[in-house]
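Source file run.pdb; content: PDB, C-alpha atoms.
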```pdb
ATOM      1  CA  MET Q 107      12.643  67.195  49.760
ATOM      2  CA  THR Q 108      13.154  68.797  46.340
ATOM      3  CA  GLN Q 109      10.399  70.688  44.513
ATOM      4  CA  ARG Q 110       9.985  67.606  42.309
ATOM      5  CA  ASP Q 111       9.344  65.468  45.375
ATOM      6  CA  LEU Q 112       6.932  68.007  46.828
ATOM      7  CA  GLN Q 113       4.947  67.778  43.607
ATOM      8  CA  LYS Q 114       4.819  64.008  44.028
ATOM      9  CA  GLN Q 115       3.512  64.347  47.566
ATOM     10  CA  ARG Q 116       0.338  65.939  46.272
ATOM     11  CA  ASP Q 117      -1.165  62.779  44.873
ATOM     12  CA  PHE Q 118       0.345  59.629  46.491
ATOM     13  CA  PHE Q 119       2.818  60.497  49.271
ATOM     14  CA  GLU Q 120       3.334  62.864  52.173
ATOM     15  CA  TYR Q 121       5.922  63.321  54.908
ATOM     16  CA  VAL Q 122       5.037  64.392  58.462
ATOM     17  CA  ARG Q 123       7.489  65.079  61.284
ATOM     18  CA  VAL Q 124       6.101  64.053  64.683
ATOM     19  CA  ASP Q 125       7.583  65.661  67.800
ATOM     20  CA  GLY Q 126       4.687  64.942  70.167
ATOM     21  CA  SER Q 127       1.743  62.579  70.149
ATOM     22  CA  ALA Q 128       1.015  60.436  67.116
ATOM     23  CA  PRO Q 129      -1.455  61.909  64.605
ATOM     24  CA  PRO Q 130      -4.770  60.067  64.413
ATOM     25  CA  PRO Q 131      -5.214  57.343  61.794
ATOM     26  CA  GLN Q 132      -6.943  58.450  58.599
ATOM     27  CA  ARG Q 133      -8.804  56.295  56.136
ATOM     28  CA  GLU Q 134      -7.038  58.074  53.264
ATOM     29  CA  ARG Q 135      -3.543  57.474  54.649
ATOM     30  CA  ILE Q 136      -1.388  54.348  54.719
ATOM     31  CA  ASP Q 137       1.130  55.086  57.453
ATOM     32  CA  VAL Q 138       4.763  54.054  57.595
ATOM     33  CA  ALA Q 139       6.297  54.863  60.986
ATOM     34  CA  VAL Q 140       9.939  55.992  60.917
ATOM     35  CA  LEU Q 141      11.571  55.724  64.349
ATOM     36  CA  ASP Q 142      14.199  58.466  64.191
ATOM     37  CA  MET Q 143      16.984  57.591  66.646
ATOM     38  CA  ASN Q 144      19.321  60.458  65.708
ATOM     39  CA  HIS Q 145      18.721  62.633  68.809
ATOM     40  CA  ALA Q 146      18.286  65.704  66.549
ATOM     41  CA  TRP Q 147      21.710  65.202  64.956
ATOM     42  CA  PRO Q 148      21.829  65.950  61.204
ATOM     43  CA  ASN Q 149      21.976  62.546  59.561
ATOM     44  CA  VAL Q 150      21.812  61.521  55.930
ATOM     45  CA  GLY Q 151      20.443  58.093  56.887
ATOM     46  CA  HIS Q 152      17.084  59.409  58.097
ATOM     47  CA  ASP Q 153      16.457  61.381  54.896
ATOM     48  CA  ALA Q 154      17.615  58.397  52.829
ATOM     49  CA  VAL Q 155      14.968  56.244  54.564
ATOM     50  CA  ILE Q 156      12.273  58.811  53.683
ATOM     51  CA  HIS Q 157      13.426  58.787  50.060
ATOM     52  CA  ALA Q 158      13.310  54.995  49.986
ATOM     53  CA  ILE Q 159       9.701  55.048  51.242
ATOM     54  CA  LEU Q 160       8.858  57.668  48.614
ATOM     55  CA  ASP Q 161      10.397  55.549  45.843
ATOM     56  CA  ALA Q 162       8.566  52.430  47.049
ATOM     57  CA  ALA Q 163       5.256  54.313  47.252
ATOM     58  CA  GLU Q 164       5.695  55.560  43.700
ATOM     59  CA  GLN Q 165       5.538  51.971  42.457
ATOM     60  CA  PHE Q 166       1.978  51.793  43.862
ATOM     61  CA  ARG Q 167       0.936  55.242  42.658
ATOM     62  CA  GLU Q 168      -1.850  54.061  40.340
ATOM     63  CA  PRO Q 169      -3.907  52.103  42.929
ATOM     64  CA  LEU Q 170      -3.240  54.786  45.560
ATOM     65  CA  VAL Q 171      -4.455  57.660  43.389
ATOM     66  CA  LYS Q 172      -7.422  55.638  42.153
ATOM     67  CA  ALA Q 173      -8.470  55.016  45.778
ATOM     68  CA  GLY Q 174      -7.816  58.628  46.808
ATOM     69  CA  MET Q 175      -5.129  57.525  49.266
ATOM     70  CA  LYS Q 176      -1.532  58.418  50.075
ATOM     71  CA  VAL Q 177       1.383  56.724  51.771
ATOM     72  CA  ARG Q 178       2.209  58.875  54.803
ATOM     73  CA  ALA Q 179       5.742  58.669  56.211
ATOM     74  CA  LEU Q 180       5.485  59.647  59.885
ATOM     75  CA  SER Q 181       8.899  60.434  61.365
ATOM     76  CA  TYR Q 182       8.985  60.200  65.180
ATOM     77  CA  ASP Q 183      11.709  61.945  67.197
ATOM     78  CA  ILE Q 184      12.084  59.064  69.668
ATOM     79  CA  ARG Q 185      15.053  59.978  71.836
ATOM     80  CA  ARG Q 186      14.953  63.745  72.125
ATOM     81  CA  GLY Q 187      11.310  64.527  71.361
ATOM     82  CA  GLN Q 188       9.935  61.521  73.293
ATOM     83  CA  ALA Q 189       7.541  60.886  70.373
ATOM     84  CA  MET Q 190       6.278  57.318  69.992
ATOM     85  CA  PRO Q 191       4.085  55.727  67.306
ATOM     86  CA  ARG Q 192       0.997  53.734  68.124
ATOM     87  CA  ALA Q 193       1.207  49.997  68.543
ATOM     88  CA  PRO Q 194       0.027  48.079  65.464
ATOM     89  CA  ASP Q 195      -3.614  47.097  65.068
ATOM     90  CA  GLY Q 196      -5.911  46.016  62.273
ATOM     91  CA  ASP Q 197      -3.846  45.409  59.135
ATOM     92  CA  GLY Q 198      -0.679  46.226  61.032
ATOM     93  CA  THR Q 199       1.917  48.871  60.288
ATOM     94  CA  LEU Q 200       5.361  49.044  58.751
ATOM     95  CA  TYR Q 201       8.003  50.458  61.125
ATOM     96  CA  ILE Q 202      11.516  51.484  60.088
ATOM     97  CA  ALA Q 203      13.965  52.347  62.889
ATOM     98  CA  THR Q 204      17.039  54.357  61.922
ATOM     99  CA  GLY Q 205      20.643  54.537  62.953
ATOM    100  CA  GLY Q 206      21.871  57.183  65.378
ATOM    101  CA  PRO Q 207      24.732  58.409  67.569
ATOM    102  CA  GLY Q 208      25.840  57.446  71.026
ATOM    103  CA  HIS Q 209      25.916  54.405  73.279
ATOM    104  CA  LEU Q 210      23.275  51.725  72.781
ATOM    105  CA  ASP Q 211      22.355  52.057  76.467
ATOM    106  CA  PRO Q 212      20.970  55.598  76.923
ATOM    107  CA  ARG Q 213      22.003  55.548  80.597
ATOM    108  CA  LEU Q 214      25.632  55.651  79.440
ATOM    109  CA  ASN Q 215      25.224  58.706  77.218
ATOM    110  CA  ASP Q 216      26.790  61.334  79.455
ATOM    111  CA  GLY Q 217      27.868  63.672  76.649
ATOM    112  CA  LEU Q 218      31.540  63.264  77.656
ATOM    113  CA  SER Q 219      32.681  59.696  76.978
ATOM    114  CA  TRP Q 220      33.852  58.734  73.508
ATOM    115  CA  SER Q 221      31.026  56.218  73.111
ATOM    116  CA  SER Q 222      28.354  58.844  73.817
ATOM    117  CA  GLN Q 223      29.524  60.958  70.849
ATOM    118  CA  GLY Q 224      28.383  64.127  72.578
ATOM    119  CA  VAL Q 225      24.884  62.791  73.331
ATOM    120  CA  GLN Q 226      23.483  63.421  76.803
ATOM    121  CA  GLU Q 227      20.053  61.952  77.457
ATOM    122  CA  GLU Q 228      17.653  60.281  79.845
ATOM    123  CA  ALA Q 229      16.459  56.695  79.347
ATOM    124  CA  THR Q 230      12.747  57.556  79.600
ATOM    125  CA  TRP Q 231      12.079  56.649  75.958
ATOM    126  CA  GLU Q 232      13.573  53.149  76.211
ATOM    127  CA  ALA Q 233      10.777  51.313  78.081
ATOM    128  CA  PRO Q 234       7.987  52.613  75.758
ATOM    129  CA  LEU Q 235      10.114  51.708  72.742
ATOM    130  CA  PHE Q 236      10.720  48.178  74.030
ATOM    131  CA  ARG Q 237       6.968  47.795  74.675
ATOM    132  CA  LEU Q 238       6.395  48.831  71.062
ATOM    133  CA  PHE Q 239       8.877  46.151  69.935
ATOM    134  CA  ASP Q 240       6.902  43.608  71.999
ATOM    135  CA  ALA Q 241       3.638  44.664  70.338
ATOM    136  CA  ILE Q 242       5.112  44.499  66.831
ATOM    137  CA  LEU Q 243       6.518  41.028  67.476
ATOM    138  CA  ARG Q 244       3.115  39.794  68.725
ATOM    139  CA  HIS Q 245       1.148  41.248  65.809
ATOM    140  CA  PRO Q 246       0.873  38.765  62.907
ATOM    141  CA  THR Q 247       1.320  41.288  60.072
ATOM    142  CA  ALA Q 248       3.185  44.290  61.520
ATOM    143  CA  ALA Q 249       6.776  44.572  60.271
ATOM    144  CA  LEU Q 250       9.891  46.234  61.702
ATOM    145  CA  ILE Q 251      13.233  46.919  60.029
ATOM    146  CA  GLY Q 252      15.959  48.070  62.462
ATOM    147  CA  ILE Q 253      19.043  49.827  61.079
ATOM    148  CA  CYS Q 254      22.438  50.080  62.836
ATOM    149  CA  HIS Q 255      21.776  51.839  66.199
ATOM    150  CA  SER Q 256      18.253  50.389  66.184
ATOM    151  CA  PHE Q 257      19.711  46.949  65.465
ATOM    152  CA  GLY Q 258      21.703  47.314  68.691
ATOM    153  CA  LEU Q 259      18.547  48.319  70.560
ATOM    154  CA  LEU Q 260      16.753  45.237  69.193
ATOM    155  CA  CYS Q 261      19.618  43.085  70.470
ATOM    156  CA  ARG Q 262      19.391  44.693  73.920
ATOM    157  CA  TRP Q 263      15.582  44.414  73.961
ATOM    158  CA  SER Q 264      15.704  40.716  73.111
ATOM    159  CA  GLY Q 265      18.794  39.845  75.130
ATOM    160  CA  VAL Q 266      20.298  37.904  72.217
ATOM    161  CA  ALA Q 267      23.488  39.979  72.028
ATOM    162  CA  ARG Q 268      25.373  42.485  74.156
ATOM    163  CA  PRO Q 269      27.080  45.632  72.856
ATOM    164  CA  MET Q 270      30.867  45.771  73.033
ATOM    165  CA  LEU Q 271      32.663  49.014  72.225
ATOM    166  CA  ARG Q 272      35.149  48.598  69.396
ATOM    167  CA  GLN Q 273      38.701  49.855  69.740
ATOM    168  CA  ILE Q 274      38.391  51.427  66.294
ATOM    169  CA  LYS Q 275      35.142  52.539  64.674
ATOM    170  CA  SER Q 276      34.161  50.445  61.641
ATOM    171  CA  THR Q 277      33.534  52.769  58.704
ATOM    172  CA  GLY Q 278      33.282  52.677  54.939
ATOM    173  CA  LEU Q 279      32.693  49.657  52.747
ATOM    174  CA  GLN Q 280      33.267  46.397  54.645
ATOM    175  CA  HIS Q 281      32.605  42.685  54.201
ATOM    176  CA  ASN Q 282      30.071  40.645  56.192
ATOM    177  CA  ILE Q 283      29.291  36.949  55.856
ATOM    178  CA  LEU Q 284      25.915  35.214  55.646
ATOM    179  CA  SER Q 285      25.255  32.414  58.130
ATOM    180  CA  ASP Q 286      24.338  28.832  57.311
ATOM    181  CA  ALA Q 287      20.762  29.701  58.332
ATOM    182  CA  ALA Q 288      20.712  32.505  55.753
ATOM    183  CA  ALA Q 289      21.632  30.028  53.024
ATOM    184  CA  GLN Q 290      18.424  28.084  53.867
ATOM    185  CA  HIS Q 291      16.228  31.164  54.247
ATOM    186  CA  PRO Q 292      13.505  31.711  51.590
ATOM    187  CA  TRP Q 293      14.514  35.360  51.140
ATOM    188  CA  PHE Q 294      18.188  35.583  52.066
ATOM    189  CA  SER Q 295      19.078  32.456  50.079
ATOM    190  CA  ARG Q 296      18.161  34.498  46.989
ATOM    191  CA  PHE Q 297      20.704  37.066  48.152
ATOM    192  CA  ALA Q 298      23.305  34.336  48.629
ATOM    193  CA  SER Q 299      22.701  33.021  45.111
ATOM    194  CA  GLN Q 300      23.835  36.379  43.666
ATOM    195  CA  LEU Q 301      27.063  36.616  45.655
ATOM    196  CA  PRO Q 302      30.313  35.429  44.043
ATOM    197  CA  ASP Q 303      31.011  32.880  46.801
ATOM    198  CA  GLY Q 304      27.456  32.606  48.113
ATOM    199  CA  ARG Q 305      28.422  34.043  51.499
ATOM    200  CA  HIS Q 306      30.385  37.323  51.555
ATOM    201  CA  PHE Q 307      28.666  40.631  50.845
ATOM    202  CA  ARG Q 308      29.585  44.311  51.036
ATOM    203  CA  VAL Q 309      28.054  46.703  53.566
ATOM    204  CA  ILE Q 310      28.337  50.425  54.292
ATOM    205  CA  ASP Q 311      29.475  50.609  57.905
ATOM    206  CA  SER Q 312      29.469  53.377  60.494
ATOM    207  CA  ARG Q 313      29.442  51.771  63.930
ATOM    208  CA  LEU Q 314      31.158  51.966  67.284
ATOM    209  CA  PHE Q 315      29.771  48.709  68.684
ATOM    210  CA  ASP Q 316      29.926  45.013  67.955
ATOM    211  CA  LEU Q 317      26.920  42.955  69.087
ATOM    212  CA  ILE Q 318      28.267  39.821  70.732
ATOM    213  CA  VAL Q 319      26.026  36.745  70.721
ATOM    214  CA  GLU Q 320      24.616  35.899  74.162
ATOM    215  CA  ASP Q 321      21.502  33.759  73.582
ATOM    216  CA  THR Q 322      21.022  31.272  70.743
ATOM    217  CA  ARG Q 323      17.541  29.983  71.666
ATOM    218  CA  GLY Q 324      15.035  30.255  68.837
ATOM    219  CA  ILE Q 325      16.935  33.078  67.135
ATOM    220  CA  ASN Q 326      17.757  33.125  63.437
ATOM    221  CA  TYR Q 327      21.176  34.676  62.978
ATOM    222  CA  ILE Q 328      21.506  35.898  59.397
ATOM    223  CA  ALA Q 329      25.010  37.396  59.208
ATOM    224  CA  PHE Q 330      28.245  37.947  61.122
ATOM    225  CA  GLU Q 331      31.229  40.259  60.765
ATOM    226  CA  ASP Q 332      33.435  37.487  59.374
ATOM    227  CA  GLU Q 333      34.167  33.748  59.574
ATOM    228  CA  GLY Q 334      34.307  32.451  63.114
ATOM    229  CA  SER Q 335      33.165  35.771  64.536
ATOM    230  CA  VAL Q 336      30.616  36.114  67.341
ATOM    231  CA  ALA Q 337      29.949  39.716  66.283
ATOM    232  CA  LEU Q 338      26.390  39.541  64.966
ATOM    233  CA  THR Q 339      25.528  41.849  62.047
ATOM    234  CA  MET Q 340      22.044  40.725  60.953
ATOM    235  CA  ILE Q 341      19.240  38.889  62.761
ATOM    236  CA  GLU Q 342      15.650  37.775  62.159
ATOM    237  CA  PHE Q 343      13.207  37.734  65.081
ATOM    238  CA  ALA Q 344      10.043  36.835  63.132
ATOM    239  CA  ARG Q 345       8.896  35.923  59.625
ATOM    240  CA  ASN Q 346       5.672  36.690  57.774
ATOM    241  CA  ALA Q 347       2.757  34.239  57.843
ATOM    242  CA  GLU Q 348       3.734  32.785  54.459
ATOM    243  CA  GLY Q 349       7.253  32.137  55.722
ATOM    244  CA  SER Q 350       8.764  33.940  52.760
ATOM    245  CA  MET Q 351      10.026  37.233  54.157
ATOM    246  CA  PRO Q 352      11.629  38.483  57.403
ATOM    247  CA  ARG Q 353       9.004  40.451  59.350
ATOM    248  CA  VAL Q 354      10.952  41.701  62.396
ATOM    249  CA  PHE Q 355      14.671  41.947  61.681
ATOM    250  CA  GLY Q 356      17.653  44.269  61.748
ATOM    251  CA  MET Q 357      21.188  44.814  60.532
ATOM    252  CA  ASN Q 358      24.316  46.519  61.861
ATOM    253  CA  HIS Q 359      25.037  48.388  58.632
ATOM    254  CA  HIS Q 360      23.400  51.141  56.533
ATOM    255  CA  PRO Q 361      21.378  49.697  53.632
ATOM    256  CA  GLU Q 362      19.445  52.968  53.317
ATOM    257  CA  ILE Q 363      22.588  54.571  51.844
ATOM    258  CA  ILE Q 364      21.704  53.512  48.315
ATOM    259  CA  ASP Q 365      24.272  54.066  45.546
ATOM    260  CA  ARG Q 366      24.558  57.667  44.350
ATOM    261  CA  ARG Q 367      21.036  58.633  45.342
ATOM    262  CA  VAL Q 368      22.589  59.654  48.658
ATOM    263  CA  LEU Q 369      24.262  62.579  46.867
ATOM    264  CA  GLU Q 370      20.798  63.962  46.039
ATOM    265  CA  VAL Q 371      19.829  63.658  49.696
ATOM    266  CA  LEU Q 372      22.970  65.566  50.742
ATOM    267  CA  ASP Q 373      22.204  68.350  48.260
ATOM    268  CA  GLU Q 374      18.670  68.669  49.655
ATOM    269  CA  MET Q 375      19.919  68.865  53.256
ATOM    270  CA  ARG Q 376      22.320  71.631  52.238
ATOM    271  CA  ALA Q 377      19.585  73.519  50.363
ATOM    272  CA  ARG Q 378      17.362  73.439  53.464
ATOM    273  CA  GLY Q 379      20.181  74.922  55.549
ATOM    274  CA  GLU Q 380      20.303  71.945  57.925
ATOM    275  CA  VAL Q 381      24.025  71.267  57.480
ATOM    276  CA  THR Q 382      27.178  73.133  56.518
ATOM    277  CA  GLU Q 383      28.935  73.007  53.173
ATOM    278  CA  GLU Q 384      31.899  71.275  54.855
ATOM    279  CA  TRP Q 385      29.588  68.608  56.383
ATOM    280  CA  VAL Q 386      28.095  67.861  52.972
ATOM    281  CA  ARG Q 387      31.409  67.888  51.111
ATOM    282  CA  GLU Q 388      33.031  65.438  53.549
ATOM    283  CA  ARG Q 389      30.227  62.904  53.124
ATOM    284  CA  ALA Q 390      29.804  63.417  49.399
ATOM    285  CA  ASP Q 391      33.529  62.879  48.775
ATOM    286  CA  THR Q 392      33.423  59.672  50.831
ATOM    287  CA  MET Q 393      30.412  58.351  48.914
ATOM    288  CA  ARG Q 394      31.930  59.155  45.515
ATOM    289  CA  GLU Q 395      35.112  57.354  46.525
ATOM    290  CA  LEU Q 396      33.320  54.279  47.899
ATOM    291  CA  LEU Q 397      30.509  53.826  45.404
ATOM    292  CA  GLN Q 398      32.248  53.218  42.114
ATOM    293  CA  GLY Q 399      32.043  50.313  39.689
ATOM    294  CA  GLU Q 400      31.728  46.918  41.355
ATOM    295  CA  ASN Q 401      31.534  48.494  44.820
ATOM    296  CA  GLU Q 402      28.426  50.396  43.789
ATOM    297  CA  ARG Q 403      26.826  47.272  42.292
ATOM    298  CA  GLN Q 404      27.497  45.183  45.397
ATOM    299  CA  SER Q 405      26.306  47.935  47.725
ATOM    300  CA  ARG Q 406      23.055  48.189  45.779
ATOM    301  CA  LEU Q 407      22.628  44.396  45.930
ATOM    302  CA  THR Q 408      22.987  44.465  49.726
ATOM    303  CA  SER Q 409      20.458  47.308  49.985
ATOM    304  CA  GLU Q 410      17.985  45.401  47.821
ATOM    305  CA  TYR Q 411      17.957  42.288  49.993
ATOM    306  CA  THR Q 412      18.406  43.824  53.439
ATOM    307  CA  PHE Q 413      16.120  46.857  53.065
ATOM    308  CA  LEU Q 414      14.465  47.770  49.754
ATOM    309  CA  GLY Q 415      12.897  44.386  48.963
ATOM    310  CA  PRO Q 416      11.273  43.940  52.409
ATOM    311  CA  LEU Q 417      10.176  47.603  52.370
ATOM    312  CA  ARG Q 418       8.378  47.151  49.027
ATOM    313  CA  HIS Q 419       6.885  43.841  50.144
ATOM    314  CA  TYR Q 420       5.249  45.184  53.307
ATOM    315  CA  LEU Q 421       4.226  48.489  51.793
ATOM    316  CA  GLY Q 422       2.662  46.597  48.893
ATOM    317  CA  ALA Q 423       0.752  44.385  51.326
ATOM    318  CA  LEU Q 424      -0.641  47.480  53.090
ATOM    319  CA  VAL Q 425      -1.640  49.061  49.775
ATOM    320  CA  SER Q 426      -3.347  45.840  48.656
ATOM    321  CA  SER Q 427      -5.343  45.524  51.868
ATOM    322  CA  ARG Q 428      -6.314  49.200  52.075
ATOM    323  CA  ALA Q 429      -6.483  50.517  48.509
TER     324      ALA Q 429
END
```
Reformat the file's structure so that it appears as structure tokens.
Amino acid sequence: MTQRDLQKQRDFFEYVRVDGSAPPPQRERIDVAVLDMNHAWPNVGHDAVIHAILDAAEQFREPLVKAGMKVRALSYDIRRGQAMPRAPDGDGTLYIATGGPGHLDPRLNDGLSWSSQGVQEEATWEAPLFRLFDAILRHPTAALIGICHSFGLLCRWSGVARPMLRQIKSTGLQHNILSDAAAQHPWFSRFASQLPDGRHFRVIDSRLFDLIVEDTRGINYIAFEDEGSVALTMIEFARNAEGSMPRVFGMNHHPEIIDRRVLEVLDEMRARGEVTEEWVRERADTMRELLQGENERQSRLTSEYTFLGPLRHYLGALVSSRA
């Protein structure tokens, strides 16, 4: 966080890193649980998620400050730290699960195979995480947004799709296509209406695995890799009570990488000494090359409908009920 952001934290927002047990609920805090799946790897996506929560919270600053409350982003080190948030209760909770390295089945992360990307781990965190997914799905107002690696975990948890290792990693700015179900969806149909052909949209990709459809019963598939593909890229497991917004859903891309704001995040990571100059320069050059002109506009549009809009909706609902 920059000094400017630290100043903001003093009246409506704070960030807490959780490496052990979850901190107790506080009346003065509206918690957003970030499920960090990065296995302690430096990752711009996690910090971009925190920034997105900060930006969303700022829109509700006036009622928060008036009520003497703050939005508290609690970041849980799931895979390496074995930290796990509480199951939702009361008004529910907003959960955001990040991307991360390695195979989608932790048992296959041996630290040696290409798909493990150097990650070596035990699977002890998987069963508690899947129980948390069960609890979120059952709760009428809790919401979960699963990004990239977490999208794959949601597919494994539900059994709706199986991971298949790609021959070549999908990276950079790619096209996906909305499904017929998305065109009828109260939220995603609005997305479709802003696309040139009503179907194809741009995504920022960084993935080793396709998720191949296995089970079609009662599942709302939102997007695929391309026409005729069985590689699922976005799915809805549950909708809010009003039927207007996806409540438990995920995507196999990175909507948290939002236009050129990611360059600020990279600068902050470098200033904190978390990453090398070379690491930052490689990613910054890629982002500057990708996010120009129409590419930047389309990338922002995807982020709005697959991440930022739902984030604001559920955070706003929590603020309204609590503050």
Rows by chain and residue number, region 179-210 of chain Q within 12 Å of region 270-287 of chain Q, shortest pair, only C-alpha atoms, as a tab-separated table:
```
residue	atom	partner	partner_atom	distance
Q:Gly208	CA	Q:Leu271	CA	10.9
Q:His209	CA	Q:Leu271	CA	8.7
Q:Leu210	CA	Q:Met270	CA	9.7
```
Matched chain/residue IDs from the PyMOL selection byres ((chain Q and resi 228-239) around 12), as a VMD selection string
chain Q and resid 139 141 to 143 145 182 to 195 199 201 to 203 209 to 217 225 to 227 240 to 245 248 to 252 256 to 257 259 to 265 343 to 344 354 to 355
So what do you get for CA of Lys176 (chain Q) versus CA of Asp137 (chain Q), distance-wise?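 Between CA of Lys176 (chain Q) and CA of Asp137 (chain Q) the gap works out to 8.5 Å.
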- Item | Surrounding residues of Val266 (chain Q) excluding itself and chain neighbours under 6 positions, 10 Å, all atoms listed in the file, as a ChimeraX atom specification | /Q:260,317-325,327,338,341
From CA of Thr247 (chain Q) to CA of Ile159 (chain Q) the spacing works out at 18.4 Å
Counting only C-alpha atoms, closest pick from Q:Asp311, Q:Arg305, Q:Gln300, Q:Gly415 relative to Arg403 (chain Q) is Q:Gln300
- Message: Assuming the chain letters and numbering stay as they are in my file, what does the PyMOL selection byres ((chain Q and resi 293-298) around 8) actually select? List them as a ChimeraX atom specification.
- Response: /Q:284,288-292,299-301,304-305,350-352,407-408,411
Generate the output file for the selected residues, C-alpha atoms, as a compact mmCIF listing (two decimals), in the coordinates of the input.
```txt
# COMPACT_ATOMS: atom_id res chain seq x y z
CA LEU Q 284 25.92 35.21 55.65
CA ALA Q 288 20.71 32.51 55.75
CA ALA Q 289 21.63 30.03 53.02
CA GLN Q 290 18.42 28.08 53.87
CA HIS Q 291 16.23 31.16 54.25
CA PRO Q 292 13.50 31.71 51.59
CA SER Q 299 22.70 33.02 45.11
CA GLN Q 300 23.84 36.38 43.67
CA LEU Q 301 27.06 36.62 45.66
CA GLY Q 304 27.46 32.61 48.11
CA ARG Q 305 28.42 34.04 51.50
CA SER Q 350 8.76 33.94 52.76
CA MET Q 351 10.03 37.23 54.16
CA PRO Q 352 11.63 38.48 57.40
CA LEU Q 407 22.63 44.40 45.93
CA THR Q 408 22.99 44.46 49.73
CA TYR Q 411 17.96 42.29 49.99
```
To one decimal in Å, tell me the separation between CA of Ile328 (chain Q) and CA of Asn149 (chain Q).
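Between these atoms lies a distance of 26.7 Å.
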Q:Ala146, Q:Ala163, Q:Leu180, Q:Val124: which is nearest Leu421 (chain Q), counting only C-alpha atoms?
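Smallest distance to Leu421 (chain Q) is found for Q:Ala163.
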Name the residues in contact with Arg178 (chain Q) at a cut-off of 10 Å, using only C-alpha atoms, excluding same-chain residues fewer than 3 positions from it; report them as number ranges by chain.
Q: 115, 118-122, 132, 134-139, 159-160, 163, 175, 181
Since we have the selection now, will you write its residues out, keeping C-alpha atoms, as a PDB file, in the coordinates of the input?
```
ATOM      1  CA  GLN Q 115       3.512  64.347  47.566  1.00  0.00           C
ATOM      2  CA  PHE Q 118       0.345  59.629  46.491  1.00  0.00           C
ATOM      3  CA  PHE Q 119       2.818  60.497  49.271  1.00  0.00           C
ATOM      4  CA  GLU Q 120       3.334  62.864  52.173  1.00  0.00           C
ATOM      5  CA  TYR Q 121       5.922  63.321  54.908  1.00  0.00           C
ATOM      6  CA  VAL Q 122       5.037  64.392  58.462  1.00  0.00           C
ATOM      7  CA  GLN Q 132      -6.943  58.450  58.599  1.00  0.00           C
ATOM      8  CA  GLU Q 134      -7.038  58.074  53.264  1.00  0.00           C
ATOM      9  CA  ARG Q 135      -3.543  57.474  54.649  1.00  0.00           C
ATOM     10  CA  ILE Q 136      -1.388  54.348  54.719  1.00  0.00           C
ATOM     11  CA  ASP Q 137       1.130  55.086  57.453  1.00  0.00           C
ATOM     12  CA  VAL Q 138       4.763  54.054  57.595  1.00  0.00           C
ATOM     13  CA  ALA Q 139       6.297  54.863  60.986  1.00  0.00           C
ATOM     14  CA  ILE Q 159       9.701  55.048  51.242  1.00  0.00           C
ATOM     15  CA  LEU Q 160       8.858  57.668  48.614  1.00  0.00           C
ATOM     16  CA  ALA Q 163       5.256  54.313  47.252  1.00  0.00           C
ATOM     17  CA  MET Q 175      -5.129  57.525  49.266  1.00  0.00           C
ATOM     18  CA  SER Q 181       8.899  60.434  61.365  1.00  0.00           C
TER      19      SER Q 181
END
```
